[in-house]
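Student: Structure file structure.txt (compact mmCIF, C-alpha atoms and all ligand atoms) right here:
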```
# COMPACT_ATOMS: atom_id res chain seq x y z
CA MET W 1 -33.15 1.89 -18.29
CA LYS W 2 -35.00 -1.13 -19.59
CA LYS W 3 -35.04 -4.22 -17.35
CA ASN W 4 -32.91 -6.29 -19.73
CA GLY W 5 -30.34 -3.51 -19.93
CA ALA W 6 -30.18 -3.34 -16.14
CA ILE W 7 -29.69 -7.10 -15.88
CA LEU W 8 -26.93 -6.99 -18.46
CA LEU W 9 -25.26 -4.12 -16.65
CA ILE W 10 -25.38 -5.94 -13.30
CA ALA W 11 -24.09 -9.15 -14.93
CA GLY W 12 -21.33 -7.13 -16.59
CA LEU W 13 -20.30 -5.49 -13.32
CA PHE W 14 -20.30 -8.88 -11.63
CA LEU W 15 -18.08 -10.40 -14.31
CA THR W 16 -15.77 -7.39 -14.20
CA SER W 17 -15.36 -7.69 -10.45
CA LEU W 18 -14.65 -11.41 -10.89
CA SER W 19 -12.01 -10.80 -13.51
CA VAL W 20 -10.43 -8.10 -11.31
CA GLN W 21 -10.30 -10.68 -8.54
CA ALA W 22 -8.79 -13.20 -10.95
CA GLN W 23 -6.16 -10.69 -12.09
CA ASN W 24 -5.22 -9.77 -8.54
CA ALA W 25 -4.92 -13.36 -7.42
CA ASN W 26 -1.59 -14.96 -6.70
CA TYR W 27 -0.15 -17.10 -9.50
CA LYS W 28 3.35 -17.52 -8.13
CA GLU W 29 4.21 -20.83 -6.54
CA SER W 30 6.71 -19.02 -4.31
CA ARG W 31 3.84 -17.00 -2.78
CA VAL W 32 1.49 -19.86 -2.02
CA GLY W 33 2.48 -19.69 1.64
CA SER W 34 3.24 -22.48 4.04
CA TYR W 35 0.48 -24.53 5.54
CA THR W 36 -0.19 -27.71 7.45
CA LEU W 37 -2.99 -29.89 6.19
CA PRO W 38 -5.36 -31.55 8.64
CA ASP W 39 -4.56 -35.24 8.75
CA ALA W 40 -7.36 -37.36 7.32
CA LEU W 41 -6.22 -40.24 9.49
CA THR W 42 -6.07 -38.56 12.90
CA THR W 43 -9.24 -37.96 14.92
CA PRO W 44 -9.68 -34.77 17.00
CA ASP W 45 -8.79 -36.75 20.13
CA GLY W 46 -5.54 -37.97 18.62
CA LEU W 47 -6.52 -41.48 17.56
CA GLN W 48 -4.52 -42.74 14.57
CA ILE W 49 -6.61 -44.55 11.98
CA THR W 50 -4.72 -47.45 10.45
CA LYS W 51 -7.46 -49.80 9.28
CA LYS W 52 -10.24 -49.33 6.76
CA LYS W 53 -12.86 -50.44 9.32
CA ALA W 54 -11.88 -47.65 11.70
CA TRP W 55 -11.85 -45.21 8.78
CA GLU W 56 -15.37 -46.19 7.79
CA LYS W 57 -16.82 -46.34 11.31
CA ILE W 58 -15.04 -43.48 13.06
CA ARG W 59 -13.15 -41.07 10.86
CA ARG W 60 -15.15 -40.98 7.65
CA PRO W 61 -18.37 -39.86 9.41
CA GLN W 62 -16.42 -37.18 11.27
CA ILE W 63 -15.00 -35.73 8.07
CA LEU W 64 -18.33 -35.90 6.27
CA GLN W 65 -19.85 -33.91 9.08
CA LEU W 66 -17.08 -31.31 8.96
CA PHE W 67 -17.93 -30.64 5.31
CA GLN W 68 -21.63 -30.52 6.10
CA ASP W 69 -21.26 -28.15 9.02
CA ASN W 70 -18.60 -25.84 7.63
CA GLU W 71 -18.70 -25.77 3.85
CA TYR W 72 -21.52 -27.22 1.75
CA GLY W 73 -24.19 -27.53 4.43
CA VAL W 74 -26.83 -30.19 4.85
CA MET W 75 -30.09 -30.63 3.01
CA PRO W 76 -32.90 -30.22 5.54
CA ASP W 77 -34.76 -33.32 6.59
CA ALA W 78 -38.19 -33.57 4.97
CA GLU W 79 -40.14 -36.05 2.97
CA ILE W 80 -40.01 -35.19 -0.71
CA VAL W 81 -42.16 -37.11 -3.15
CA ALA W 82 -40.77 -37.67 -6.64
CA GLU W 83 -42.93 -38.37 -9.68
CA TYR W 84 -41.51 -39.31 -13.05
CA ARG W 85 -43.18 -38.67 -16.38
CA VAL W 86 -41.55 -39.74 -19.62
CA VAL W 87 -42.33 -36.83 -21.92
CA GLU W 88 -40.46 -38.02 -25.00
CA GLU W 89 -38.71 -41.15 -26.12
CA SER W 90 -37.10 -42.44 -29.30
CA ASP W 91 -35.06 -45.50 -30.12
CA ASN W 92 -33.50 -43.78 -33.08
CA ALA W 93 -31.35 -41.06 -31.57
CA LEU W 94 -27.72 -40.16 -32.33
CA ALA W 95 -27.83 -41.65 -35.81
CA GLY W 96 -29.58 -44.76 -34.58
CA LYS W 97 -27.02 -45.59 -31.90
CA ALA W 98 -29.04 -44.49 -28.92
CA ILE W 99 -32.31 -44.48 -27.11
CA ARG W 100 -33.21 -40.96 -26.08
CA ARG W 101 -35.55 -40.46 -23.15
CA GLN W 102 -36.66 -37.18 -21.65
CA VAL W 103 -38.15 -37.40 -18.20
CA GLU W 104 -39.91 -34.74 -16.24
CA MET W 105 -39.26 -35.25 -12.55
CA THR W 106 -41.58 -33.43 -10.22
CA PHE W 107 -40.58 -33.10 -6.59
CA SER W 108 -43.20 -32.17 -4.03
CA GLY W 109 -43.11 -31.29 -0.37
CA ASN W 110 -44.54 -28.72 2.01
CA GLY W 111 -47.44 -28.09 -0.39
CA GLN W 112 -45.12 -26.99 -3.21
CA SER W 113 -43.49 -28.64 -6.17
CA ARG W 114 -40.61 -28.14 -8.57
CA THR W 115 -39.89 -29.78 -11.89
CA MET W 116 -36.61 -30.91 -13.39
CA LEU W 117 -36.26 -32.06 -16.97
CA VAL W 118 -33.76 -34.87 -17.48
CA LEU W 119 -32.29 -35.84 -20.83
CA ILE W 120 -30.99 -39.40 -21.08
CA TYR W 121 -29.16 -41.14 -23.90
CA MET W 122 -28.66 -44.88 -23.59
CA PRO W 123 -26.68 -47.06 -25.97
CA LYS W 124 -28.85 -49.42 -27.97
CA GLY W 125 -28.41 -53.14 -27.50
CA VAL W 126 -26.47 -52.92 -24.23
CA LYS W 127 -28.16 -54.99 -21.54
CA LYS W 128 -26.54 -53.35 -18.52
CA CYS W 129 -24.85 -50.07 -19.18
CA PRO W 130 -22.77 -47.86 -16.93
CA VAL W 131 -24.05 -44.30 -16.69
CA PHE W 132 -22.72 -40.78 -16.29
CA VAL W 133 -24.90 -38.35 -14.33
CA SER W 134 -23.81 -34.83 -15.08
CA PRO W 135 -25.68 -31.53 -14.70
CA ASN W 136 -25.37 -28.87 -17.40
CA PHE W 137 -24.95 -25.10 -17.27
CA GLN W 138 -27.29 -23.74 -19.91
CA GLY W 139 -30.16 -26.15 -20.41
CA ASN W 140 -30.51 -29.58 -22.00
CA ALA W 141 -30.97 -28.25 -25.52
CA THR W 142 -27.60 -26.49 -25.39
CA THR W 143 -25.76 -29.79 -24.95
CA THR W 144 -26.57 -31.16 -28.41
CA ASP W 145 -27.78 -30.30 -31.88
CA ASP W 146 -30.38 -33.09 -31.59
CA PRO W 147 -33.54 -31.14 -32.54
CA ALA W 148 -35.79 -33.41 -30.46
CA VAL W 149 -34.25 -32.26 -27.20
CA ILE W 150 -36.72 -30.15 -25.27
CA GLU W 151 -35.54 -26.80 -23.97
CA SER W 152 -35.19 -26.55 -20.21
CA GLN W 153 -37.45 -24.05 -18.46
CA TYR W 154 -34.86 -21.40 -17.56
CA THR W 155 -32.75 -21.58 -20.64
CA THR W 156 -32.10 -18.42 -22.62
CA PHE W 157 -29.24 -19.86 -24.57
CA VAL W 158 -28.87 -20.88 -28.16
CA ARG W 159 -29.42 -24.56 -28.93
CA ALA W 160 -26.22 -26.61 -29.18
CA ASN W 161 -24.29 -23.71 -27.63
CA GLN W 162 -22.34 -26.05 -25.37
CA ALA W 163 -22.39 -29.18 -27.52
CA SER W 164 -18.60 -29.32 -27.63
CA ARG W 165 -18.67 -30.11 -23.91
CA TRP W 166 -20.84 -33.18 -24.37
CA SER W 167 -19.23 -36.07 -26.26
CA TYR W 168 -22.55 -37.91 -26.51
CA ASP W 169 -21.50 -39.87 -29.55
CA ARG W 170 -18.32 -41.12 -27.90
CA ILE W 171 -20.12 -41.86 -24.63
CA VAL W 172 -22.86 -43.91 -26.24
CA SER W 173 -20.51 -45.61 -28.73
CA SER W 174 -18.42 -46.68 -25.72
CA GLY W 175 -21.46 -48.41 -24.22
CA TYR W 176 -22.21 -45.75 -21.60
CA ALA W 177 -25.49 -44.02 -20.88
CA VAL W 178 -25.57 -40.36 -19.88
CA ALA W 179 -28.16 -38.31 -18.00
CA THR W 180 -28.11 -34.54 -17.76
CA PHE W 181 -30.31 -31.74 -16.41
CA HIS W 182 -30.12 -27.98 -16.25
CA TYR W 183 -28.87 -27.12 -12.76
CA TYR W 184 -31.19 -24.09 -12.58
CA ASP W 185 -34.09 -26.53 -12.32
CA ILE W 186 -32.83 -27.37 -8.83
CA TYR W 187 -31.47 -23.99 -7.75
CA TYR W 188 -31.39 -20.88 -9.91
CA ASP W 189 -27.71 -19.92 -9.86
CA ALA W 190 -27.75 -16.34 -8.59
CA ASP W 191 -27.86 -14.49 -5.31
CA GLY W 192 -31.25 -14.11 -3.64
CA LYS W 193 -32.82 -16.99 -5.55
CA LEU W 194 -33.45 -19.39 -2.69
CA GLU W 195 -37.15 -19.26 -3.50
CA GLU W 196 -36.38 -20.51 -7.01
CA SER W 197 -34.94 -23.74 -5.74
CA VAL W 198 -36.00 -26.96 -4.12
CA TYR W 199 -35.59 -25.50 -0.61
CA PRO W 200 -39.22 -24.33 -0.29
CA LEU W 201 -40.20 -28.02 -0.64
CA PHE W 202 -38.24 -28.57 2.55
CA GLY W 203 -40.06 -25.72 4.27
CA ILE W 204 -37.28 -23.19 3.74
CA ASN W 205 -38.71 -20.16 2.02
CA SER W 206 -36.29 -17.41 2.89
CA GLU W 207 -32.66 -16.76 3.75
CA ALA W 208 -33.82 -16.05 7.31
CA ALA W 209 -34.82 -19.70 7.67
CA LEU W 210 -31.29 -20.92 6.99
CA ARG W 211 -29.22 -22.22 9.84
CA ASP W 212 -25.46 -21.80 9.79
CA ASN W 213 -25.07 -25.26 8.33
CA THR W 214 -28.07 -25.46 6.01
CA GLY W 215 -27.00 -26.24 2.47
CA LYS W 216 -27.49 -23.79 -0.37
CA ALA W 217 -26.91 -24.11 -4.11
CA ILE W 218 -24.13 -26.72 -4.24
CA ALA W 219 -25.87 -28.94 -1.70
CA ALA W 220 -29.07 -28.67 -3.74
CA TRP W 221 -27.41 -29.43 -7.09
CA ALA W 222 -25.73 -32.45 -5.49
CA TRP W 223 -29.14 -33.52 -4.18
CA GLY W 224 -30.46 -33.21 -7.74
CA CYS W 225 -27.78 -35.59 -9.06
CA SER W 226 -28.82 -38.15 -6.46
CA ARG W 227 -32.46 -37.81 -7.48
CA VAL W 228 -31.50 -38.55 -11.09
CA LEU W 229 -29.71 -41.64 -9.84
CA ASP W 230 -32.85 -42.72 -7.94
CA TYR W 231 -34.66 -42.76 -11.26
CA LEU W 232 -31.88 -44.43 -13.23
CA LEU W 233 -31.74 -47.23 -10.68
CA THR W 234 -35.34 -48.09 -11.52
CA LEU W 235 -34.29 -48.92 -15.10
CA LYS W 236 -33.41 -52.50 -15.97
CA ASN W 237 -30.71 -51.61 -18.49
CA ILE W 238 -28.68 -49.44 -16.10
CA ASP W 239 -25.85 -51.14 -14.24
CA LYS W 240 -26.23 -50.23 -10.55
CA LYS W 241 -22.58 -51.00 -9.94
CA ARG W 242 -21.25 -48.64 -12.59
CA THR W 243 -22.77 -45.24 -11.91
CA ILE W 244 -20.63 -42.14 -12.26
CA VAL W 245 -21.23 -38.56 -11.20
CA MET W 246 -19.30 -36.01 -13.21
CA GLY W 247 -19.31 -32.23 -13.22
CA HIS W 248 -17.38 -29.25 -14.51
CA SER W 249 -16.27 -26.26 -12.47
CA ARG W 250 -18.95 -25.28 -9.93
CA LEU W 251 -20.68 -28.45 -11.01
CA GLY W 252 -17.38 -30.28 -10.41
CA LYS W 253 -17.56 -29.09 -6.81
CA THR W 254 -21.13 -30.38 -6.89
CA ALA W 255 -20.09 -33.79 -8.28
CA LEU W 256 -17.48 -34.21 -5.55
CA TRP W 257 -19.90 -33.27 -2.80
CA CYS W 258 -22.55 -35.54 -4.27
CA GLY W 259 -20.18 -38.49 -4.60
CA ALA W 260 -18.77 -37.94 -1.12
CA GLN W 261 -22.23 -38.34 0.39
CA ASP W 262 -24.01 -40.68 -1.98
CA GLN W 263 -22.04 -43.89 -1.98
CA ARG W 264 -24.31 -45.42 -4.59
CA PHE W 265 -22.17 -43.53 -7.09
CA ALA W 266 -19.41 -45.96 -8.00
CA MET W 267 -17.06 -43.32 -9.41
CA VAL W 268 -16.68 -39.56 -9.13
CA ILE W 269 -15.18 -37.10 -11.61
CA SER W 270 -14.15 -33.53 -10.96
CA ASN W 271 -13.48 -31.53 -14.11
CA ASN W 272 -11.70 -28.23 -13.34
CA SER W 273 -13.54 -27.90 -10.01
CA GLY W 274 -10.90 -25.64 -8.43
CA CYS W 275 -11.43 -23.72 -5.20
CA SER W 276 -13.80 -25.49 -2.80
CA GLY W 277 -13.74 -28.42 -5.20
CA ALA W 278 -10.62 -30.52 -5.63
CA ALA W 279 -8.06 -27.75 -4.92
CA LEU W 280 -6.52 -27.39 -1.47
CA SER W 281 -8.02 -24.38 0.31
CA ARG W 282 -4.90 -23.63 2.30
CA ARG W 283 -2.88 -22.77 -0.81
CA ASN W 284 -3.00 -19.13 -1.70
CA TYR W 285 -3.11 -19.60 -5.48
CA GLY W 286 -5.80 -18.49 -7.93
CA GLU W 287 -9.28 -18.44 -6.43
CA THR W 288 -9.32 -18.54 -2.64
CA VAL W 289 -11.92 -19.13 0.07
CA PRO W 290 -12.35 -15.39 0.73
CA SER W 291 -12.76 -14.62 -2.97
CA ILE W 292 -15.25 -17.42 -3.61
CA ASN W 293 -17.29 -16.44 -0.55
CA ARG W 294 -17.36 -12.85 -1.76
CA ALA W 295 -18.41 -13.75 -5.31
CA PHE W 296 -20.73 -16.69 -4.65
CA PRO W 297 -22.18 -16.49 -1.15
CA TRP W 298 -25.22 -18.53 -2.24
CA TRP W 299 -23.19 -21.65 -3.08
CA PHE W 300 -22.09 -22.63 0.43
CA CYS W 301 -23.62 -22.76 3.87
CA ASN W 302 -23.41 -19.50 5.83
CA LYS W 303 -20.77 -20.88 8.18
CA TYR W 304 -18.24 -21.09 5.32
CA ARG W 305 -17.99 -17.31 5.20
CA SER W 306 -16.62 -17.23 8.74
CA TYR W 307 -13.42 -18.86 7.44
CA SER W 308 -12.67 -16.15 4.90
CA GLN W 309 -10.55 -14.24 7.41
CA ASN W 310 -8.61 -17.29 8.52
CA VAL W 311 -8.57 -20.15 6.05
CA SER W 312 -6.15 -22.18 8.14
CA SER W 313 -8.77 -22.43 10.87
CA LEU W 314 -10.93 -24.61 8.62
CA PRO W 315 -11.13 -27.95 10.44
CA MET W 316 -10.73 -29.82 7.14
CA ASP W 317 -9.31 -29.30 3.66
CA GLN W 318 -10.28 -30.51 0.22
CA HIS W 319 -8.02 -33.58 0.17
CA GLU W 320 -10.40 -34.96 2.77
CA LEU W 321 -13.34 -34.41 0.45
CA LEU W 322 -11.56 -36.60 -2.11
CA ALA W 323 -10.76 -39.11 0.63
CA LEU W 324 -14.50 -39.46 1.34
CA ILE W 325 -14.80 -41.04 -2.11
CA ALA W 326 -12.40 -43.87 -1.20
CA PRO W 327 -12.22 -46.71 -2.03
CA ARG W 328 -14.23 -45.83 -5.16
CA PRO W 329 -12.40 -44.54 -8.24
CA VAL W 330 -11.95 -40.77 -8.32
CA TYR W 331 -10.74 -38.71 -11.26
CA VAL W 332 -9.49 -35.15 -10.91
CA ALA W 333 -8.87 -33.23 -14.11
CA SER W 334 -7.33 -29.79 -14.41
CA ALA W 335 -6.57 -27.55 -17.39
CA GLN W 336 -3.20 -25.94 -17.92
CA GLU W 337 -4.48 -22.43 -18.57
CA ASP W 338 -7.07 -22.66 -15.80
CA ARG W 339 -4.76 -21.19 -13.19
CA TRP W 340 -7.73 -19.69 -11.32
CA ALA W 341 -8.64 -23.30 -10.38
CA ASP W 342 -5.09 -24.07 -9.18
CA PRO W 343 -4.17 -27.27 -11.07
CA ARG W 344 -1.28 -28.05 -8.73
CA GLY W 345 -3.52 -27.61 -5.70
CA GLU W 346 -5.94 -30.11 -7.24
CA PHE W 347 -3.15 -32.58 -7.84
CA LEU W 348 -1.73 -32.20 -4.33
CA ALA W 349 -5.16 -32.84 -2.81
CA LEU W 350 -5.51 -36.06 -4.77
CA GLN W 351 -2.02 -37.14 -3.74
CA GLU W 352 -2.84 -36.51 -0.09
CA ALA W 353 -6.17 -38.36 -0.36
CA GLY W 354 -4.04 -41.35 -1.32
CA LYS W 355 -3.43 -41.95 2.39
CA VAL W 356 -6.98 -43.18 2.71
CA TYR W 357 -6.86 -45.23 -0.51
CA ALA W 358 -3.75 -46.88 0.91
CA LEU W 359 -5.84 -48.25 3.79
CA TYR W 360 -7.62 -50.26 1.09
CA LYS W 361 -4.25 -51.40 -0.25
CA TYR W 362 -4.54 -49.40 -3.43
CA ASP W 363 -1.58 -47.86 -5.12
CA THR W 364 -1.74 -44.05 -4.98
CA LEU W 365 -0.23 -40.95 -6.58
CA ARG W 366 1.72 -40.04 -3.45
CA ASP W 367 5.12 -40.78 -4.95
CA CYS W 368 4.40 -39.28 -8.35
CA SER W 369 5.58 -35.91 -9.53
CA PHE W 370 3.29 -33.42 -11.22
CA PRO W 371 2.59 -34.80 -14.70
CA ALA W 372 3.31 -33.15 -18.03
CA PRO W 373 0.33 -31.55 -19.79
CA ASP W 374 -2.02 -34.15 -21.32
CA GLU W 375 -0.26 -37.00 -19.53
CA HIS W 376 -2.49 -39.51 -17.80
CA LEU W 377 -1.43 -40.26 -14.28
CA TRP W 378 -3.55 -43.19 -13.14
CA LYS W 379 -2.66 -45.30 -10.13
CA GLY W 380 -4.94 -47.59 -8.19
CA GLN W 381 -8.29 -45.81 -7.92
CA CYS W 382 -6.95 -42.30 -8.47
CA GLY W 383 -6.77 -40.64 -11.87
CA TYR W 384 -5.36 -37.23 -12.76
CA HIS W 385 -4.54 -35.23 -15.85
CA MET W 386 -3.89 -31.60 -16.64
CA ARG W 387 -5.18 -31.06 -20.14
CA THR W 388 -3.64 -28.37 -22.31
CA GLY W 389 -6.02 -25.48 -22.87
CA ILE W 390 -8.55 -23.50 -20.93
CA HIS W 391 -11.25 -24.02 -18.32
CA ASP W 392 -13.59 -26.28 -20.26
CA VAL W 393 -14.72 -29.86 -20.87
CA THR W 394 -13.36 -31.39 -24.05
CA ASP W 395 -13.47 -34.69 -25.89
CA PHE W 396 -10.01 -35.45 -24.48
CA ASP W 397 -11.51 -35.23 -20.98
CA TRP W 398 -14.43 -37.53 -21.83
CA GLN W 399 -12.17 -40.00 -23.56
CA SER W 400 -9.98 -40.12 -20.45
CA TYR W 401 -12.96 -40.64 -18.14
CA ILE W 402 -14.34 -43.45 -20.28
CA GLU W 403 -11.00 -45.27 -20.50
CA PHE W 404 -10.41 -44.88 -16.78
CA ALA W 405 -13.91 -46.14 -16.00
CA ASN W 406 -13.47 -49.06 -18.42
CA GLU W 407 -10.45 -50.16 -16.41
CA ARG W 408 -11.77 -49.45 -12.93
CA LEU W 409 -15.47 -50.21 -12.99
CA LYS W 410 -16.17 -53.87 -13.51
C1 LIG W 501 -15.89 -19.15 -11.56
C2 LIG W 501 -15.68 -19.50 -10.12
C3 LIG W 501 -15.11 -20.86 -10.03
C4 LIG W 501 -15.76 -21.86 -10.97
C5 LIG W 501 -16.30 -21.25 -12.24
C6 LIG W 501 -17.36 -22.03 -13.00
O1 LIG W 501 -16.30 -17.89 -11.77
O2 LIG W 501 -14.85 -18.55 -9.54
O3 LIG W 501 -15.12 -21.31 -8.69
O4 LIG W 501 -16.69 -22.62 -10.32
O5 LIG W 501 -16.86 -20.04 -12.04
O6 LIG W 501 -18.25 -22.65 -12.44
O7 LIG W 501 -17.32 -21.94 -14.24
```
With the file now loaded, output its structure as structure tokens.
Tutor:
Amino acid sequence: MKKNGAILLIAGLFLTSLSVQAQNANYKESRVGSYTLPDALTTPDGLQITKKKAWEKIRRPQILQLFQDNEYGVMPDAEIVAEYRVVEESDNALAGKAIRRQVEMTFSGNGQSRTMLVLIYMPKGVKKCPVFVSPNFQGNATTTDDPAVIESQYTTFVRANQASRWSYDRIVSSGYAVATFHYYDIYYDADGKLEESVYPLFGINSEAALRDNTGKAIAAWAWGCSRVLDYLLTLKNIDKKRTIVMGHSRLGKTALWCGAQDQRFAMVISNNSGCSGAALSRRNYGETVPSINRAFPWWFCNKYRSYSQNVSSLPMDQHELLALIAPRPVYVASAQEDRWADPRGEFLALQEAGKVYALYKYDTLRDCSFPAPDEHLWKGQCGYHMRTGIHDVTDFDWQSYIEFANERLK
């Protein structure tokens, strides 16, 4: 068999096994099971956290470490040098509304380097603009029909293939900048691809060099979002106080993990992030911890797999990931037909995270019932909607994020 045929066959088998998993998953609320969530406001030695100072000093670092050690892993400590090269720029993009800039970022460490290509659109005539940082799935050129956009190195996809997911016109017309990169530039999204990632720059060249809590793909993609922010913060026309990290699906998990750690991001958006993103792990509904570990072992640190047999032994749950974003605005968006991502589980996590937002005297979603499809449920710093339709990013989603950010980020 030819190589391409073999790759297609393997990809096909992988997708088939995923869809079998999805079909066999539980979609009945009555079969979710009972569970007790870890309390974000109680320390392991029983101390009750009642003040934001104690949250920030004592409990927040504990929870952050639980996610590092048990789920996403940590990026190894090493000095990485970043160099930026503007490879293309125009002040006449998007029908004259935007400045387009394409920047090649080269990261070096441990005698090796890796390049990421970042596409940025900035609204013209805005002195200080807020910015969305959001990685893409198929390469920069798939996000738009703008012919000047350079194809990302790993892309095999048709130009503009995913343009419907990127409301560039709306974003820029609303006065926001947006920066995107192909996530493969940071970690090629497949098993056994550690060498095609930034990890070798940190001295990690093989799976054997990974500790139980070393990060893998999601940790690396989150790291990539922070590196884009480093660059954006060097630009005079970007508002440091209004930076947003947004991601869809596996990249929604990434956005949450990035925003949880990197507090320079002023707002965090999870679009259909599902299992190991915004959805509670203890609910047996749609994708579960055992199924995600089976299908995507390269996304999480190795330790995460040890919880597949006993999810309730996880020392944390995903509401605490959302709580790490407090007091910054957080938006969780689900899609009605995306049952695999457990919309209700995403909503319940955000409700529960409200406990921590309440320490900051913000109103929360704790007393709200599950909203109707397409209804905006926005209280204090927490935003939620369940859009009608499938697992996707649509203009409705972007419009919601922009309006929410307009109100919350000043
Ligand atoms: C699915 C996976 C989900 C979600 C999704 C995506 O196959 O099971 O966790 O992340 O991929 O990224 O589109």
Student: For W:Gln102, which residue among W:Cys129, W:Leu348, W:Ala179, W:Asp145 is the nearest when counting all atoms listed in the file?
Tutor: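 The closest residue to W:Gln102 is W:Ala179.
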Student: All residues within 6 Å of ligand LIG 501 (chain W) are required, counting only C-alpha atoms and all ligand atoms; please report them as a ChimeraX atom specification.
Tutor: /W:249-250,275
Student: Would you mind listing, for every residue of stretch 17-131 of chain W within 8 Å of stretch 158-178 of chain W, the two atoms forming the shortest contact and the distance between them in Å to one decimal, using only C-alpha atoms, sorted by chain and ascending residue number, as CSV?
Tutor:
```
residue,atom,partner,partner_atom,distance
W:Leu94,CA,W:Asp169,CA,6.8
W:Lys97,CA,W:Val172,CA,7.2
W:Ala98,CA,W:Val172,CA,6.8
W:Ile120,CA,W:Val178,CA,5.6
W:Tyr121,CA,W:Val178,CA,5.4
W:Met122,CA,W:Ala177,CA,4.3
W:Pro123,CA,W:Val172,CA,5.0
W:Val126,CA,W:Gly175,CA,6.7
W:Cys129,CA,W:Tyr176,CA,5.6
W:Pro130,CA,W:Tyr176,CA,5.2
W:Val131,CA,W:Ala177,CA,4.4
```
Student: For a test of reading the model, state the distance in Å between atom CA of W:Asp374 and atom CA of W:Ile390, rounded to one decimal.
Tutor: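 Straight-line distance from atom CA of W:Asp374 to atom CA of W:Ile390 works out to 12.5 Å.
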Student: Can you tell me which residues surround stretch 261-263 of chain W at a distance of at most 10 Å, considering all atoms listed in the file, apart from same-chain residues fewer than 4 positions away, and format the answer as an NGL selection string?
Tutor: :W and (61 or 64 or 68 or 222-223 or 225-226 or 229 or 245 or 256-257 or 267-268 or 321 or 324-326 or 328)
Student: Now that the selection is made, can you save its residues with C-alpha atoms as a PDB file, in the coordinates of the input?
Tutor:
```
ATOM      1  CA  PRO W  61     -18.370 -39.860   9.410  1.00  0.00           C
ATOM      2  CA  LEU W  64     -18.330 -35.900   6.270  1.00  0.00           C
ATOM      3  CA  GLN W  68     -21.630 -30.520   6.100  1.00  0.00           C
ATOM      4  CA  ALA W 222     -25.730 -32.450  -5.490  1.00  0.00           C
ATOM      5  CA  TRP W 223     -29.140 -33.520  -4.180  1.00  0.00           C
ATOM      6  CA  CYS W 225     -27.780 -35.590  -9.060  1.00  0.00           C
ATOM      7  CA  SER W 226     -28.820 -38.150  -6.460  1.00  0.00           C
ATOM      8  CA  LEU W 229     -29.710 -41.640  -9.840  1.00  0.00           C
ATOM      9  CA  VAL W 245     -21.230 -38.560 -11.200  1.00  0.00           C
ATOM     10  CA  LEU W 256     -17.480 -34.210  -5.550  1.00  0.00           C
ATOM     11  CA  TRP W 257     -19.900 -33.270  -2.800  1.00  0.00           C
ATOM     12  CA  MET W 267     -17.060 -43.320  -9.410  1.00  0.00           C
ATOM     13  CA  VAL W 268     -16.680 -39.560  -9.130  1.00  0.00           C
ATOM     14  CA  LEU W 321     -13.340 -34.410   0.450  1.00  0.00           C
ATOM     15  CA  LEU W 324     -14.500 -39.460   1.340  1.00  0.00           C
ATOM     16  CA  ILE W 325     -14.800 -41.040  -2.110  1.00  0.00           C
ATOM     17  CA  ALA W 326     -12.400 -43.870  -1.200  1.00  0.00           C
ATOM     18  CA  ARG W 328     -14.230 -45.830  -5.160  1.00  0.00           C
TER      19      ARG W 328
END
```
Student: So how many Å separate atom CA of W:Thr156 and atom CA of W:Ser270, to one decimal?
Tutor: 26.2 Å
Student: Pick from W:Arg344, W:Lys51, W:Lys240, W:Arg31: nearest to W:Tyr357, with only C-alpha atoms counted?
Tutor: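 The shortest atom-to-atom distance to W:Tyr357 comes from W:Lys51.
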Student: Hey, can you check how far atom CA of W:Ile269 sits from atom CA of W:Phe132?
Tutor: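 Pair atom CA of W:Ile269 / atom CA of W:Phe132 returns 9.6 Å.
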Student: Can you report as JSON the centre and edge lengths in Å, to one decimal, of an axis-aligned box around the listed atoms of stretch 187-202 of chain W padded with 8 Å on each side?
Tutor:
```
{"center_x": -34.0, "center_y": -21.3, "center_z": -3.7, "size_x": 28.5, "size_y": 30.5, "size_z": 28.5}
```
Student: Have a look at W:Tyr362, W:Tyr331, W:Phe157, W:Phe265 and name the one nearest to W:His385; count only C-alpha atoms.
Tutor: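 Going through W:Tyr362, W:Tyr331, W:Phe157, W:Phe265 one by one, the smallest distance to W:His385 is for W:Tyr331.
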Student: Find, counting all atoms listed in the file, the residue in W:Asn110, W:Tyr184, W:Lys52, W:Leu232 that gets nearest to W:Asn205.
Tutor: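 For W:Asn205, the nearest of the candidates is W:Asn110.
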Student: Name the closest residue to W:Ala220 among the candidates W:Lys253, W:Arg60, W:Lys410, W:Arg85; distances are taken between atoms, counting all atoms listed in the file.
Tutor: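 Among the listed residues, W:Lys253 lies closest to W:Ala220.
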Student: List the neighbours of W:His248 out to 10 Å using all atoms listed in the file; skip same-chain residues closer than 4 positions along the sequence, and give me the result as an mmCIF file with C-alpha atoms, keeping the file's coordinate frame.
Tutor:
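Final file, selection_11.cif:
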```
data_model
loop_
_atom_site.group_PDB
_atom_site.id
_atom_site.type_symbol
_atom_site.label_atom_id
_atom_site.label_comp_id
_atom_site.auth_asym_id
_atom_site.auth_seq_id
_atom_site.Cartn_x
_atom_site.Cartn_y
_atom_site.Cartn_z
ATOM 1 C CA SER W 134 -23.810 -34.830 -15.080
ATOM 2 C CA PRO W 135 -25.680 -31.530 -14.700
ATOM 3 C CA ASN W 136 -25.370 -28.870 -17.400
ATOM 4 C CA PHE W 137 -24.950 -25.100 -17.270
ATOM 5 C CA ARG W 165 -18.670 -30.110 -23.910
ATOM 6 C CA GLY W 252 -17.380 -30.280 -10.410
ATOM 7 C CA LYS W 253 -17.560 -29.090 -6.810
ATOM 8 C CA THR W 254 -21.130 -30.380 -6.890
ATOM 9 C CA ALA W 255 -20.090 -33.790 -8.280
ATOM 10 C CA ILE W 269 -15.180 -37.100 -11.610
ATOM 11 C CA SER W 270 -14.150 -33.530 -10.960
ATOM 12 C CA ASN W 271 -13.480 -31.530 -14.110
ATOM 13 C CA ASN W 272 -11.700 -28.230 -13.340
ATOM 14 C CA SER W 273 -13.540 -27.900 -10.010
ATOM 15 C CA GLY W 274 -10.900 -25.640 -8.430
ATOM 16 C CA ALA W 333 -8.870 -33.230 -14.110
ATOM 17 C CA HIS W 391 -11.250 -24.020 -18.320
ATOM 18 C CA ASP W 392 -13.590 -26.280 -20.260
ATOM 19 C CA VAL W 393 -14.720 -29.860 -20.870
#
```
